[in-house]
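Asks: Next up is a structure, given as structure tokens.
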Amino acid sequence: MGIDSAIYFLLLAVVAVLHALLPGRRRVFLLLGASLAFYAATSLPYLLLMAVLGMTNYFAARHLSSDSNPKSRQWVFAGAVLVNLCILAAFKYLRGQLGHLLAGFDHGALDSDGVAHLAAPLGISYFVFAMIGCITDAYRQTWRLQGGIANFLLFGLFFPQISSGPIPRADRLLPQLITSATPTAEDRIAGLRMIAYGLFKKYVVANRLNEYVNLVFASPGEATPSQAAVACAFNFIQLYADFSGYVDIAIGSARLLGIHLDPNFDRPFKSTSVTELWRRWHMTLSFWLRDYVYMPMLIRIRTLGKFGVALALVVTFALCGLWHGAAWTYILFGVSQGIAMSMEFLSKSWRSKAFRGIPPAIVAMAGNIYTIVFFAVTEVIFRSSDLAQAGTMYRALFHWNLTTLLAYPPLDHYFLALDLFALFCWWVVRRWFVATSTKTYWTPWFTMACAGLILFFGHLGAAHFIYATF
Amino acid sequence: MSDNTWQDLTNIFRSTLDDEALTLSESTTAKDVSGWDSITHVLLVVAVEKHFKIKLTAGEIQKLQNVGELVALIRAKKSVTGAK
């Protein structure tokens, strides 16, 4: 059940109505029931797995939140983290082997090539990270477990966020679930407009741009530099539209229930450095990595000084890449981000001296262009099915000679015109979206406009959100 | 001498963050200081450890909420080691 499907919205509507009718204490059971039903719709055996994993984490968190002796705390913490990571690793990186192992059961179905094909449990990456986060906070004694097991399981399995995040933090989400406040009118309006905007981004922008990108990536060897460049730019834009669209639907859904989820994007195109970009892009993942990988690592290698910082950055972002999947393309993507951030850090004092005479606005603009170009170019590796395809795309991008330069018209005028129109629509809709945050009475019109645009210009092609595969 | 701690710390911040105009107070946090982020935070700690000849544990570093706590930690560590 994708969170852009009709049945999801039916579930959401029913839950929202019941939620408003129920007293506070009962709401957790409604939301938990809905979340379990949502998950069961994808896979009942996996739901059992997630429930068991959730309960394991609950007992670990409970132990770590009590005044237990330091030795037992270390064991429980290490054990819990290990269990979480093993399950994540098994389903992300050992799927082939696991598939063979489970070939006797339903989920180990063999496809036509006789290759064991095993789908990962929905949202396992996000769930595991959320669990490791709260276990670590409990171990560090910066957070204590509150509420019972129902609230805790809901924290992990909350249906708007389980598919693709945002990755929740226990200290921010769990209290809200326990309090279960009634959503205000402001919550409901905000929720509605975010869902409308998210669906617009997915269907009018992301899905449409995806066509062009797919075409070029399917045969990169035949693309001209301009086609490759447009594909590069569209890839970046559609990834943002797709993922931020999903996030808006997730956050908007939660708002309808009076829950505030953490944001995942904060105007990333404004970034003037790759370092800044990662504070504005996939924020919950980036901050999770900072708090649970980067800082602990750097603190332990701090005597290495600036080199330690660079090393920690590269390793952290290599892991960021690896989190997306066990492929060299993802790892290389991550490493490239880490290298860029290290270079930015190491050159900081040199740059502030070198650019002293230049107006800050110009420096910022140059930084902005560099960041967008860098990210668009490295997202090509992320998108590619393997390094060979990425290599061919890069060759297409940079292989300039007179004949290819003259072969300008990118693929198809009509195609491109539709894509550009979609981007123009987005520009307009976004301004309206921002305006409705203060002029909330425009929300019904805004919602209807989004619905209209989706109906008339939407591309109902891609059935899933990109980040649901991670 | 506690007076020196504040002045020394301010100097460390100024040189690590490359900002000669920086001033610190008890409640100053990373949010209040431009350039003090997760990257420079650990470098500040390294500079503090070097200057005051103390060693902080990972747990202590991670728990620091503001400059006031850092100063208190420095003083506590110095009194333990007897360093002045």
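Ordering of the structure tokens sets the chain letters (A, B, ...), residue numbers begin anew at 1 in every chain, and ligands are numbered from 1 in the order given.
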Give the residues of chain A that lie within 7 Å of chain B; count only C-alpha atoms, and format the answer as a list in words.
Replies: Ile299, Arg302, Gly305 and Val309 of chain A
Asks: Could you name the residues that touch Ile135 (chain A) at 10 Å or less, counting only C-alpha atoms, but leaving out those on the same chain fewer than 4 positions away, as an mmCIF file with N, CA and C atoms, in the first residue's frame?
Replies:
```cif
data_model
loop_
_atom_site.group_PDB
_atom_site.id
_atom_site.type_symbol
_atom_site.label_atom_id
_atom_site.label_comp_id
_atom_site.auth_asym_id
_atom_site.auth_seq_id
_atom_site.Cartn_x
_atom_site.Cartn_y
_atom_site.Cartn_z
ATOM 1 N N ASN A 57 13.607 -4.278 21.177
ATOM 2 C CA ASN A 57 14.130 -2.941 21.430
ATOM 3 C C ASN A 57 13.460 -2.289 22.625
ATOM 4 N N TYR A 58 12.169 -2.563 22.779
ATOM 5 C CA TYR A 58 11.440 -1.991 23.912
ATOM 6 C C TYR A 58 12.056 -2.453 25.231
ATOM 7 N N PHE A 59 12.292 -3.757 25.334
ATOM 8 C CA PHE A 59 12.853 -4.277 26.586
ATOM 9 C C PHE A 59 14.278 -3.791 26.813
ATOM 10 N N ALA A 60 15.022 -3.646 25.723
ATOM 11 C CA ALA A 60 16.373 -3.101 25.843
ATOM 12 C C ALA A 60 16.300 -1.652 26.331
ATOM 13 N N ALA A 61 15.401 -0.870 25.738
ATOM 14 C CA ALA A 61 15.262 0.539 26.131
ATOM 15 C C ALA A 61 14.830 0.652 27.586
ATOM 16 N N ARG A 62 13.963 -0.274 28.003
ATOM 17 C CA ARG A 62 13.477 -0.246 29.378
ATOM 18 C C ARG A 62 14.626 -0.524 30.347
ATOM 19 N N HIS A 63 15.422 -1.513 29.996
ATOM 20 C CA HIS A 63 16.566 -1.844 30.848
ATOM 21 C C HIS A 63 17.541 -0.675 30.928
ATOM 22 N N LEU A 64 17.816 -0.070 29.769
ATOM 23 C CA LEU A 64 18.787 1.024 29.718
ATOM 24 C C LEU A 64 18.267 2.294 30.378
ATOM 25 N N SER A 65 16.932 2.394 30.495
ATOM 26 C CA SER A 65 16.351 3.582 31.120
ATOM 27 C C SER A 65 16.265 3.434 32.633
ATOM 28 N N VAL A 76 23.545 -5.103 27.117
ATOM 29 C CA VAL A 76 22.208 -4.916 26.532
ATOM 30 C C VAL A 76 22.284 -3.968 25.332
ATOM 31 N N PHE A 77 23.039 -2.894 25.496
ATOM 32 C CA PHE A 77 23.178 -1.928 24.400
ATOM 33 C C PHE A 77 23.822 -2.581 23.180
ATOM 34 N N ALA A 78 24.958 -3.216 23.402
ATOM 35 C CA ALA A 78 25.681 -3.843 22.295
ATOM 36 C C ALA A 78 24.816 -4.910 21.640
ATOM 37 N N ALA A 80 21.495 -5.218 21.628
ATOM 38 C CA ALA A 80 20.357 -4.658 20.905
ATOM 39 C C ALA A 80 20.798 -4.071 19.563
ATOM 40 N N VAL A 81 21.874 -3.297 19.587
ATOM 41 C CA VAL A 81 22.366 -2.687 18.341
ATOM 42 C C VAL A 81 22.749 -3.773 17.340
ATOM 43 N N PHE A 129 16.977 2.215 12.094
ATOM 44 C CA PHE A 129 17.670 3.436 12.501
ATOM 45 C C PHE A 129 16.943 4.135 13.644
ATOM 46 N N ALA A 130 15.627 4.140 13.592
ATOM 47 C CA ALA A 130 14.857 4.754 14.679
ATOM 48 C C ALA A 130 15.121 4.008 15.984
ATOM 49 N N MET A 131 15.176 2.693 15.915
ATOM 50 C CA MET A 131 15.392 1.878 17.110
ATOM 51 C C MET A 131 16.798 2.077 17.654
ATOM 52 N N TYR A 139 21.091 4.508 26.356
ATOM 53 C CA TYR A 139 22.395 4.084 26.867
ATOM 54 C C TYR A 139 23.224 5.283 27.324
ATOM 55 N N ARG A 140 23.157 6.357 26.533
ATOM 56 C CA ARG A 140 23.904 7.576 26.878
ATOM 57 C C ARG A 140 23.230 8.349 28.008
ATOM 58 N N GLN A 141 22.047 7.882 28.369
ATOM 59 C CA GLN A 141 21.242 8.518 29.418
ATOM 60 C C GLN A 141 20.844 9.945 29.057
ATOM 61 N N TRP A 143 18.079 10.170 27.282
ATOM 62 C CA TRP A 143 16.644 9.972 27.113
ATOM 63 C C TRP A 143 16.215 8.779 27.952
ATOM 64 N N ARG A 144 15.042 8.867 28.575
ATOM 65 C CA ARG A 144 14.516 7.727 29.307
ATOM 66 C C ARG A 144 13.208 7.275 28.684
ATOM 67 N N LEU A 145 13.017 5.970 28.628
ATOM 68 C CA LEU A 145 11.791 5.415 28.053
ATOM 69 C C LEU A 145 10.569 5.850 28.847
ATOM 70 N N ALA A 170 13.062 9.413 19.362
ATOM 71 C CA ALA A 170 12.172 9.053 20.465
ATOM 72 C C ALA A 170 11.824 10.247 21.338
#
```
Asks: My list of candidates is B:Val67, B:Ala76, B:Ile54, B:Val48. Which is closest to Ser15 (chain B) when distances are computed with only C-alpha atoms?
Replies: B:Val48
Asks: Neighbouring residues of Leu64 (chain B) were defined as those with any atom within 10 Å, considering only C-alpha atoms; residues of the same chain fewer than 6 positions away were excluded. Please report them as a list in words.
Replies: Thr29, Leu70 and Leu73 of chain B
Asks: Closest to Val434 (chain A) among A:Met194, A:Ala233, A:Ala354, A:Ile149, using only C-alpha atoms?
Replies: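 Comparing A:Met194, A:Ala233, A:Ala354, A:Ile149 against Val434 (chain A), the winner is A:Met194.
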Asks: Please report the interatomic distance between CA of Phe152 (chain A) and CA of Asp262 (chain A) in Å with one decimal.
Replies: 17.3 Å
Asks: Between CA of Thr5 (chain B) and CA of Val71 (chain B), measure the distance and give it in Å to one decimal.
Replies: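 We find that CA of Thr5 (chain B) and CA of Val71 (chain B) lie 7.1 Å from each other.
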Asks: CA of Gly68 (chain B) to CA of Ile301 (chain A): how many Å, to one decimal?
Replies: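 Computing it gives 25.1 Å between the two atoms.
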